[in-house]
Amino acid sequence: MNKKDVIVCRCEDVTLQDIHDLLEQGYTNFEELKRILRIGMGPCQGNTCGQLVQREISKYLKVKVEDVKTQKVRPLTTGVKINYIKEGAKDES
Amino acid sequence: MKANIVIIGAGISGCSIAYNLAVKGVKDVIVVEKSYLTSGSTGRCGAGIRQQWGTKMNCKLAKASIDFFETAQETLQYDGDIEFKQEGYLIIADNKEEDEQFTKNIELQKSLGIPARKITKEEAKKIVPHLNTDVILSATYCLTDGHLNPFKMTDAYYKAAKRLGVKFYFNEEVKDIIINNNKIDKVITSNMVIETEKVINAAGGYAKEIGEMVGVDIPVYAEKHEILVTEPIEKIQGPMVMSFAKNLYCQQVPHGSFIMGRSNPDALHNHDIESSWNFLDEMSKTVCEILPLIGNLRVIRQWAGSYTMSPDRQPIISDCDELIGFYLACGFSDHGFMFATMTGLILSEIILNEELTIDITDLHHNRFKHQKDFVLEKSVV
């Protein structure tokens, strides 16, 4: 299958070809790929693409997959409306 | 390994300095970075660029940097998109004191050729229809301020510098700097020993620690600042909306998401960059008051980075009286990204003993030695 047709990140429409191009250019850290391609920056926050990218980096660098760092996990776990957060904050004292 | 110059830090400042030195023909420039490209403050910043400052020096550095950004894509022959967008900064005045200060700021900005102006509430409402003008007195607006992608801009400098022969070493932490007969001798990193006579400290949040390695006191400290991003939507907001009194900045980036942040007045002076729920609560309250419509958007991520604060909230860009060959580009106090062009250009001029594009005597490291009271830059969130 053509690498251009393989979508790795559904939130930001990043293809396998995009990832391989950047790996070839020397960007072999998840955070670098993320910052340039926006991969992992969408609503799912890397839940879909994280392990796929990890595997591609591992294959490219020829290191064990468990030795490749994935993206940093930050809050929130899922998207929450700002209004709800504001309302929730009122009840805290 | 030998190098003519070693630059510590591959954020926007380090990459801009490297590029400017290389373009002037300096050979054997090495950049060492303890992590990855833009891993420090640059890659965590709010992506805004503005010229509306309260001190002359900040205005001049910002204006000259923006002039460069306008053609940076072509000048640096970048194959990506730096996402430069000039749709302004709208800074709201919350009270009479701010309103008066802004009138003075505008006078200063105009005198330096910055096209900023004071506007009424009604004009502000036309520019940002969802702005709650009930809670503001007036505003200032400068159309040529705007947005720039921090990763892409740094990447553009990085790639251009690399093409000109600069060598970058990532995951190389500077462990020590060896001095011999009052001169720099070697830089020791995780895996390398680099013989050099010149070192540039562009280490951002860790600039103070680098200073300590050579016994030079740099009176700056790192302070956590938090920020969040929403889901992307169709374009509804042109300018960055900012308030110093209400403690907010909020812009819609070209990608469609909103990025917003505020300061924590009780932030400790350390390298902590973890996320906190307090920020999320306070940020939500603030943005809902000023831009109520934004309350309907979902937050998808919050993160944090360090501001490196100097005593007068202006950068330190200079050589060093105490140690020949040691240069400083630090203490940017939240605006290192948007000043980077001038940081790189002027520091390269200092190193090569050239005439300076902008006289930055006021930004010398030695200003902190004698002076204790400073005119503070108040225009900082």
# chains A, B, ... in the order shown; residues from 1 in each chain; ligands from 1
>>> residues_around(residues="segment 63-76 of chain A", least_positions_apart="6", cutoff="7 Å", atoms="only C-alpha atoms", output="PDB file with N, CA and C atoms, in the first residue's frame")
ATOM      1  N   PHE A  30       9.940  11.556  19.232  1.00  0.00           N
ATOM      2  CA  PHE A  30       8.496  11.729  19.109  1.00  0.00           C
ATOM      3  C   PHE A  30       8.102  13.198  19.223  1.00  0.00           C
ATOM      4  N   GLU A  31       8.726  13.898  20.166  1.00  0.00           N
ATOM      5  CA  GLU A  31       8.359  15.301  20.396  1.00  0.00           C
ATOM      6  C   GLU A  31       8.679  16.168  19.177  1.00  0.00           C
ATOM      7  N   GLY A  50       0.203   7.201  19.041  1.00  0.00           N
ATOM      8  CA  GLY A  50       1.392   7.111  19.897  1.00  0.00           C
ATOM      9  C   GLY A  50       2.218   5.862  19.663  1.00  0.00           C
ATOM     10  N   GLN A  54       5.785   5.222  17.705  1.00  0.00           N
ATOM     11  CA  GLN A  54       6.844   4.562  18.487  1.00  0.00           C
ATOM     12  C   GLN A  54       7.438   3.404  17.685  1.00  0.00           C
ATOM     13  N   ARG A  55       6.556   2.611  17.067  1.00  0.00           N
ATOM     14  CA  ARG A  55       7.020   1.460  16.283  1.00  0.00           C
ATOM     15  C   ARG A  55       7.834   1.907  15.057  1.00  0.00           C
TER      16      ARG A  55
ATOM     17  N   ILE B 300      -8.303  20.639  25.038  1.00  0.00           N
ATOM     18  CA  ILE B 300      -7.785  19.295  24.760  1.00  0.00           C
ATOM     19  C   ILE B 300      -6.431  19.029  25.428  1.00  0.00           C
ATOM     20  N   ARG B 301      -5.737  20.092  25.808  1.00  0.00           N
ATOM     21  CA  ARG B 301      -4.457  19.852  26.465  1.00  0.00           C
ATOM     22  C   ARG B 301      -4.027  21.100  27.215  1.00  0.00           C
ATOM     23  N   GLN B 302      -3.356  20.896  28.324  1.00  0.00           N
ATOM     24  CA  GLN B 302      -2.685  22.006  28.995  1.00  0.00           C
ATOM     25  C   GLN B 302      -1.229  21.609  29.174  1.00  0.00           C
ATOM     26  N   TRP B 303      -0.355  22.588  29.179  1.00  0.00           N
ATOM     27  CA  TRP B 303       1.059  22.278  29.396  1.00  0.00           C
ATOM     28  C   TRP B 303       1.720  23.462  30.097  1.00  0.00           C
TER      29      TRP B 303
END
>>> select_by_dssp(residues="segment 144-268 of chain B", states="strand (DSSP E)", output="ChimeraX atom specification")
/B:146-147,167-169,174-180,183-189,193-195,198-201,221-230,240-243,248-252,258-262
>>> closest_residue(among="B:Ala160, B:Leu112, B:Ala222, B:Ile236", to="Gln77 of chain B", atoms="only C-alpha atoms")
B:Ala160
>>> closest_atom_pairs(of="segment 25-74 of chain A", to="segment 10-15 of chain A", cutoff="7 Å", atoms="only C-alpha atoms", output="CSV")
residue,atom,partner,partner_atom,distance
A:Arg38,CA,A:Glu12,CA,6.6
A:Ile39,CA,A:Glu12,CA,6.3
A:Gly42,CA,A:Cys11,CA,5.1
A:Pro43,CA,A:Cys11,CA,6.5
>>> write_last_selection(atoms="C-alpha atoms", output="JSON list (two decimals), in the first residue's frame")
[["chain", "number", "residue", "atom", "x", "y", "z"],
["A", 38, "ARG", "CA", 1.15, 18.13, 14.84],
["A", 39, "ILE", "CA", 0.94, 14.37, 15.22],
["A", 42, "GLY", "CA", -5.25, 16.53, 18.22],
["A", 43, "PRO", "CA", -8.28, 15.66, 20.34]]
>>> interface_residues(of="chain B", to="chain A", cutoff="10 Å", atoms="only C-alpha atoms", output="PyMOL selection string")
chain B and resi 35-39+43+80-81+149-152+155+228-232+255+257+274-278+280-288+292-304
>>> residues_around(residues="segment 60-62 of chain A", least_positions_apart="6", cutoff="9 Å", atoms="only C-alpha atoms", output="mmCIF file with N, CA and C atoms, in the first residue's frame")
data_model
loop_
_atom_site.group_PDB
_atom_site.id
_atom_site.type_symbol
_atom_site.label_atom_id
_atom_site.label_comp_id
_atom_site.auth_asym_id
_atom_site.auth_seq_id
_atom_site.Cartn_x
_atom_site.Cartn_y
_atom_site.Cartn_z
ATOM 1 N N HIS A 20 7.945 9.030 7.692
ATOM 2 C CA HIS A 20 9.197 8.510 7.133
ATOM 3 C C HIS A 20 10.068 9.634 6.559
ATOM 4 N N LEU A 23 11.771 11.263 9.527
ATOM 5 C CA LEU A 23 12.790 10.366 10.097
ATOM 6 C C LEU A 23 14.052 10.441 9.239
ATOM 7 N N GLU A 24 13.849 10.430 7.926
ATOM 8 C CA GLU A 24 14.984 10.519 6.991
ATOM 9 C C GLU A 24 15.760 11.822 7.186
ATOM 10 N N THR A 28 14.130 12.181 14.923
ATOM 11 C CA THR A 28 13.845 10.820 15.352
ATOM 12 C C THR A 28 13.293 10.757 16.776
#
>>> residues_around(residues="Ala124 of chain B", least_positions_apart="3", cutoff="8 Å", atoms="only C-alpha atoms", output="list in words")
Leu90, Ile119, Thr120, Lys121, Ile127, Val128, Pro129, Leu131, Thr133, Ser138 and Ala139 of chain B
>>> write_last_selection(atoms="C-alpha atoms", output="tab-separated table (two decimals), in the first residue's frame")
chain	number	residue	atom	x	y	z
B	90	LEU	CA	-5.62	43.81	20.97
B	119	ILE	CA	-8.99	52.47	20.28
B	120	THR	CA	-12.39	52.78	21.94
B	121	LYS	CA	-14.45	49.93	23.32
B	127	ILE	CA	-12.35	43.89	15.67
B	128	VAL	CA	-13.28	41.09	18.11
B	129	PRO	CA	-17.10	40.77	18.13
B	131	LEU	CA	-15.15	40.55	23.32
B	133	THR	CA	-16.61	45.25	26.36
B	138	SER	CA	-10.40	51.06	26.21
B	139	ALA	CA	-7.83	49.13	24.22
>>> residues_around(residues="Val241 of chain B", least_positions_apart="5", cutoff="12 Å", atoms="only C-alpha atoms", output="ChimeraX atom specification")
/B:48,50,87-93,124-125,127-132,139-142,145-147,246-252,258-262,287,290-291,381
>>> closest_residue(among="B:Asp185, B:Glu223, B:Glu122, B:Asp99", to="Phe332 of chain B", atoms="only C-alpha atoms")
B:Glu223
